[in-house]
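Below is one structure, written out as structure tokens, with a few remarks after it.
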Amino acid sequence: MKQKLVMIGNGMAGVRCIEEILKRNLGAFEITIIGDEPYPNYNRIMLSNVLQGKTEFTDININDWDWYDTNQITLFTGERVIEIAPDRKVIATDKGKTIPYDELIIATGSSAFVLPVPGSDLEGVIGFRTIQDTERMMEAAKHYKKAVVIGGGLLGLEAARGLIDQGMDVHVVHLLPSLMEQQLDATAANMLKKDLEAQGMKFLMEKQTTEIYGNDRVEGIKFSDGTFVECDLVVMAVGIRPNISLAKEAGLEVNRAIIVNDHMQTSDPSIYAVGECAEHNGIFYGLVAPLYEQGIALADHITGAKTKGYRGSILSTQLKVAGCDLFSGGKIHEDNDTQAIIIQDQFAGLYKKVLVTDNKVVGVVLYGDASDGNRLFNMMKKGTDISGFTSAAVLQKAGEDSEDDFIAEMPAEETVCGCNGITKGRIVQAILEQDLKTFDDVKTCTKAGASCGKCRGVVESILAHTLGDTFDPAAEKTGMCTCTTLTRDEVVTEIKEKGLQSPKEVRHVLEFANDEGCSTCRPALNYYMRMLHPKEYEDDKASRFVNERMEGNIQNNGSFSVIPRMYGGTTTGDDLIRLGEVANKYHVPLVKVTGASRIGLYGVKKEDVPYVWEDLGMRSGYAYSKSLRNVKSCVGSQFCRFGTQDSLGLGIKLEKAIEMVDTPHKMKMGVSGCPRNCAEALTKDFGVVCVENGYQLYFGGNGGTEIRECDSFITVATEEEVISMAKAYTQHYRETGIYNERTSTWVERMGTDNIKEVLLNQEMYTVLVERFNHARKTYNEAWSSTLNDMKKKDMFEVVKR
């Protein structure tokens, strides 16, 4: 007969323990789980991503409802255990159930600690621990504008970032002089604070909250120094409090949490505790990795496996806090027993500190680049003697591939993906058994890297090490087309070095297989020549695609659409009248407002296209060109009560500044008047989010079939800086992009940090802006001759490509 295993709590640590039990002995127990939330097991770590708008609640489930059914687990959700009776081995719930057990696991987790100050019970004061908390914060952001987050630790900063993304003005209140003091030293903390301030986050440091004031709802916070700050929402992120009341009332031994031994047993041998509610050797943990380690130890013991039990955890944190990479592990601060290896690059925003005692790593703090984190942490846990390493590159072994050594020496039980508790052994097993070849294969099969993505580099290294010579790190090099084996970069380099002046000369000198070129290289070479020699080179319109030649998109019946430019989606009565008159004159079958907030004339006959443009007297919207298509903007501070800047006016200026200039692929830009992001700026090639202290700039987004969120770049103070940076960014893309390559792919290929380094170099930035302005003048001159070119018969000879 199966033993009855009951677990109180349906969170990450407890359910992970159940997963491990099922792996070891699938049929050993009749399992019942009781959870007080109305959801299956979900990833609390990802709540900040939901708040920040990066994912949905449905995407953070770890185990869905079917998983419980498949594993014959009885699950009660939205139900709370109110009593444990160890003498009778039963538990009681608030819905009147009495459930017997042979073995009981308490996995009740913890609750957000709420400061015991006057007003803490006002409406609008909440913690940040659950889906419900997150929903309340998102709902508050729809109706209120000012928020205060109390606590400058990891959770508080993630909450603050999310509330900013929800459109709120946010202050972070912190009692101490440094942020994340448990994970970062003062130097790294100051770098983090500076980067977050650039994102629009505001800080009130060394402030002690004495009162939360308001009538029915919170209106502000008072501090011990007599100052105050007004707000509509207060989020408590000052720590956690283990949920131990059930255990205490049941007579189990408790301290700050439920006291357990190395097998996670409480003072009652048939009752176990795991996760944030458990205290082992005087420590209770709030990070996921040690809680998973506890679950593994408990699963080993309860299924009869030989085990040394849980021996405590060396803590490490590898995270991206509001887009800022950091890692810490072990000791944070120097003392008399330690020596420090410190590397700091202020220009690149990088900081690396390794603390050493007796030739062994005892602490790591990394900021700006956390790629060395796992390797250094592994050395710390193993007690590796570093006397044979060089510290010049942060403990890389001289003359050896230390990354490969690190992967080879990593034990199978080492956790690689902390978010999902995936070990190296599980990844290797999946690679071999499922014939996995790529990171995406591993992510889909094991969930490693599927959450925050910080472990991707290690996962890829494990993949390469496991597959050995059969691993293909990149697609085989191919030429820019079938006419040549030369790549884009090689062709452009040859054009520069040999001073080639025309596509035909390029094909001849570089020995293209086809003297006339093909449908791939002809438009590409035309673009490269135009980009390299904007003044001297005469655009070969015959090498352009028909949509670009005709300033319209060819439709399925051979007709064309004509879409004039409407800056910022604005128009005038005269323009609307003219559009109507032209539509009637040429019997246009469809007049439609487009997705880019313009008016399009659809179904224009091919021979009428140049005359439609002539009668309109309006500039092309470049709706089908490889250039800036449009700048989407909201009305901003002109009309919206949430607007912080004139986003509409800036969007129009930006569109006028960048329009017409050819780029490797189409570009779209967005300007949102506040962090509510109505203009969807974070999925544009170049995005601007207006905040009270300026303009947050982003780049590399894509809202198409493969969505890519922008990378955060910099906050600037003026509209002029926004426009100049957009010019520099566009020109850098023009000069280094592959023809037909979107900026989202270009950013991945070039590297975000590399692009930032170029744009933040004042000398390079100035040169890029000058080059763009030079090119822009030549395009201003081009539109005047376009209509005459389109009237020529040879422009109607449509070449299908």
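To be explicit about the labels: the chains of the structure tokens are called A, B, and onward in the order shown, and within each one the residues are counted from 1, while ligands get numbers from 1 in the order they are shown.
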Run DSSP on the backbone and grab whatever in region 146-259 of chain A lands in strand (DSSP E or B); send it over as a PyMOL selection string. chain A and resi 146-150+169-174+202-205+209-214+217-223+228-230+233-236+240-242+254+258-259
Which residues of region 283-350 of chain A come within 8 Å of region 6-28 of chain A, and for each one, what is the closest pair of atoms and their distance in Å to one decimal, counting only C-alpha atoms, sorted by chain and residue number, as JSON lines?
{"residue": "A:Val288", "atom": "CA", "partner": "A:Ala13", "partner_atom": "CA", "distance": 7.4}
{"residue": "A:Leu291", "atom": "CA", "partner": "A:Ala13", "partner_atom": "CA", "distance": 5.6}
{"residue": "A:Tyr292", "atom": "CA", "partner": "A:Ala13", "partner_atom": "CA", "distance": 5.8}
{"residue": "A:Gln294", "atom": "CA", "partner": "A:Cys17", "partner_atom": "CA", "distance": 8.0}
{"residue": "A:Gly295", "atom": "CA", "partner": "A:Cys17", "partner_atom": "CA", "distance": 4.2}
{"residue": "A:Ile296", "atom": "CA", "partner": "A:Cys17", "partner_atom": "CA", "distance": 6.1}
{"residue": "A:Leu298", "atom": "CA", "partner": "A:Cys17", "partner_atom": "CA", "distance": 7.1}
{"residue": "A:Ala299", "atom": "CA", "partner": "A:Ile21", "partner_atom": "CA", "distance": 4.9}
{"residue": "A:Asp300", "atom": "CA", "partner": "A:Ile21", "partner_atom": "CA", "distance": 7.5}
{"residue": "A:Ile302", "atom": "CA", "partner": "A:Ile21", "partner_atom": "CA", "distance": 7.8}
{"residue": "A:Thr303", "atom": "CA", "partner": "A:Asn25", "partner_atom": "CA", "distance": 6.7}
Alpha helix (DSSP H) per DSSP on the backbone: members of region 552-657 of chain A, as number ranges by chain: A: 573-585, 609-616, 647-657
Okay, now the selection with N, CA and C atoms, as a tab-separated table (two decimals), in the first residue's frame?
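Saved as selection_31.tsv:
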chain	number	residue	atom	x	y	z
A	573	GLY	N	-6.79	69.79	-43.24
A	573	GLY	CA	-8.00	69.73	-44.04
A	573	GLY	C	-7.70	69.79	-45.52
A	574	ASP	N	-6.76	70.64	-45.93
A	574	ASP	CA	-6.42	70.77	-47.34
A	574	ASP	C	-5.86	69.46	-47.89
A	575	ASP	N	-4.98	68.81	-47.11
A	575	ASP	CA	-4.42	67.53	-47.57
A	575	ASP	C	-5.50	66.47	-47.68
A	576	LEU	N	-6.44	66.46	-46.73
A	576	LEU	CA	-7.53	65.48	-46.78
A	576	LEU	C	-8.40	65.70	-48.02
A	577	ILE	N	-8.69	66.98	-48.33
A	577	ILE	CA	-9.48	67.30	-49.52
A	577	ILE	C	-8.75	66.84	-50.78
A	578	ARG	N	-7.42	67.10	-50.81
A	578	ARG	CA	-6.62	66.72	-51.98
A	578	ARG	C	-6.61	65.20	-52.15
A	579	LEU	N	-6.48	64.48	-51.05
A	579	LEU	CA	-6.50	63.02	-51.12
A	579	LEU	C	-7.83	62.52	-51.68
A	580	GLY	N	-8.90	63.14	-51.22
A	580	GLY	CA	-10.21	62.74	-51.71
A	580	GLY	C	-10.39	63.03	-53.19
A	581	GLU	N	-9.94	64.19	-53.62
A	581	GLU	CA	-10.06	64.56	-55.02
A	581	GLU	C	-9.25	63.63	-55.92
A	582	VAL	N	-8.03	63.30	-55.48
A	582	VAL	CA	-7.18	62.39	-56.26
A	582	VAL	C	-7.79	60.99	-56.30
A	583	ALA	N	-8.32	60.53	-55.18
A	583	ALA	CA	-8.94	59.20	-55.14
A	583	ALA	C	-10.11	59.13	-56.12
A	584	ASN	N	-10.89	60.18	-56.17
A	584	ASN	CA	-12.02	60.20	-57.10
A	584	ASN	C	-11.56	60.31	-58.55
A	585	LYS	N	-10.56	61.17	-58.80
A	585	LYS	CA	-10.08	61.39	-60.17
A	585	LYS	C	-9.55	60.11	-60.79
A	609	VAL	N	0.34	55.84	-61.40
A	609	VAL	CA	1.11	56.09	-60.17
A	609	VAL	C	1.85	57.42	-60.20
A	610	PRO	N	2.67	57.73	-61.23
A	610	PRO	CA	3.42	59.00	-61.19
A	610	PRO	C	2.50	60.22	-61.21
A	611	TYR	N	1.35	60.11	-61.86
A	611	TYR	CA	0.43	61.25	-61.94
A	611	TYR	C	-0.34	61.43	-60.63
A	612	VAL	N	-0.60	60.32	-59.95
A	612	VAL	CA	-1.22	60.41	-58.62
A	612	VAL	C	-0.29	61.15	-57.67
A	613	TRP	N	0.99	60.79	-57.71
A	613	TRP	CA	1.97	61.48	-56.87
A	613	TRP	C	2.05	62.97	-57.24
A	614	GLU	N	2.04	63.25	-58.54
A	614	GLU	CA	2.16	64.63	-58.99
A	614	GLU	C	0.95	65.45	-58.53
A	615	ASP	N	-0.24	64.90	-58.65
A	615	ASP	CA	-1.44	65.63	-58.25
A	615	ASP	C	-1.53	65.80	-56.74
A	616	LEU	N	-1.06	64.81	-56.02
A	616	LEU	CA	-1.08	64.92	-54.55
A	616	LEU	C	-0.16	66.04	-54.08
A	647	SER	N	5.87	64.18	-27.00
A	647	SER	CA	6.30	63.04	-27.81
A	647	SER	C	5.86	63.19	-29.26
A	648	LEU	N	4.68	63.78	-29.49
A	648	LEU	CA	4.20	63.97	-30.86
A	648	LEU	C	5.13	64.91	-31.62
A	649	GLY	N	5.47	66.04	-31.01
A	649	GLY	CA	6.37	66.99	-31.66
A	649	GLY	C	7.74	66.39	-31.92
A	650	LEU	N	8.25	65.63	-30.95
A	650	LEU	CA	9.56	65.00	-31.13
A	650	LEU	C	9.49	63.94	-32.23
A	651	GLY	N	8.40	63.18	-32.27
A	651	GLY	CA	8.26	62.16	-33.30
A	651	GLY	C	8.28	62.76	-34.69
A	652	ILE	N	7.62	63.88	-34.86
A	652	ILE	CA	7.61	64.57	-36.17
A	652	ILE	C	9.01	65.06	-36.53
A	653	LYS	N	9.70	65.67	-35.58
A	653	LYS	CA	11.08	66.14	-35.84
A	653	LYS	C	11.99	64.98	-36.19
A	654	LEU	N	11.83	63.87	-35.48
A	654	LEU	CA	12.67	62.70	-35.72
A	654	LEU	C	12.41	62.13	-37.11
A	655	GLU	N	11.15	62.06	-37.49
A	655	GLU	CA	10.79	61.53	-38.80
A	655	GLU	C	11.37	62.41	-39.91
A	656	LYS	N	11.26	63.72	-39.75
A	656	LYS	CA	11.79	64.64	-40.76
A	656	LYS	C	13.32	64.57	-40.84
A	657	ALA	N	13.96	64.28	-39.72
A	657	ALA	CA	15.43	64.25	-39.69
A	657	ALA	C	16.00	62.99	-40.34
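In this structure, CA of Val689 (chain A) sits 28.4 Å away from CA of Tyr779 (chain A).
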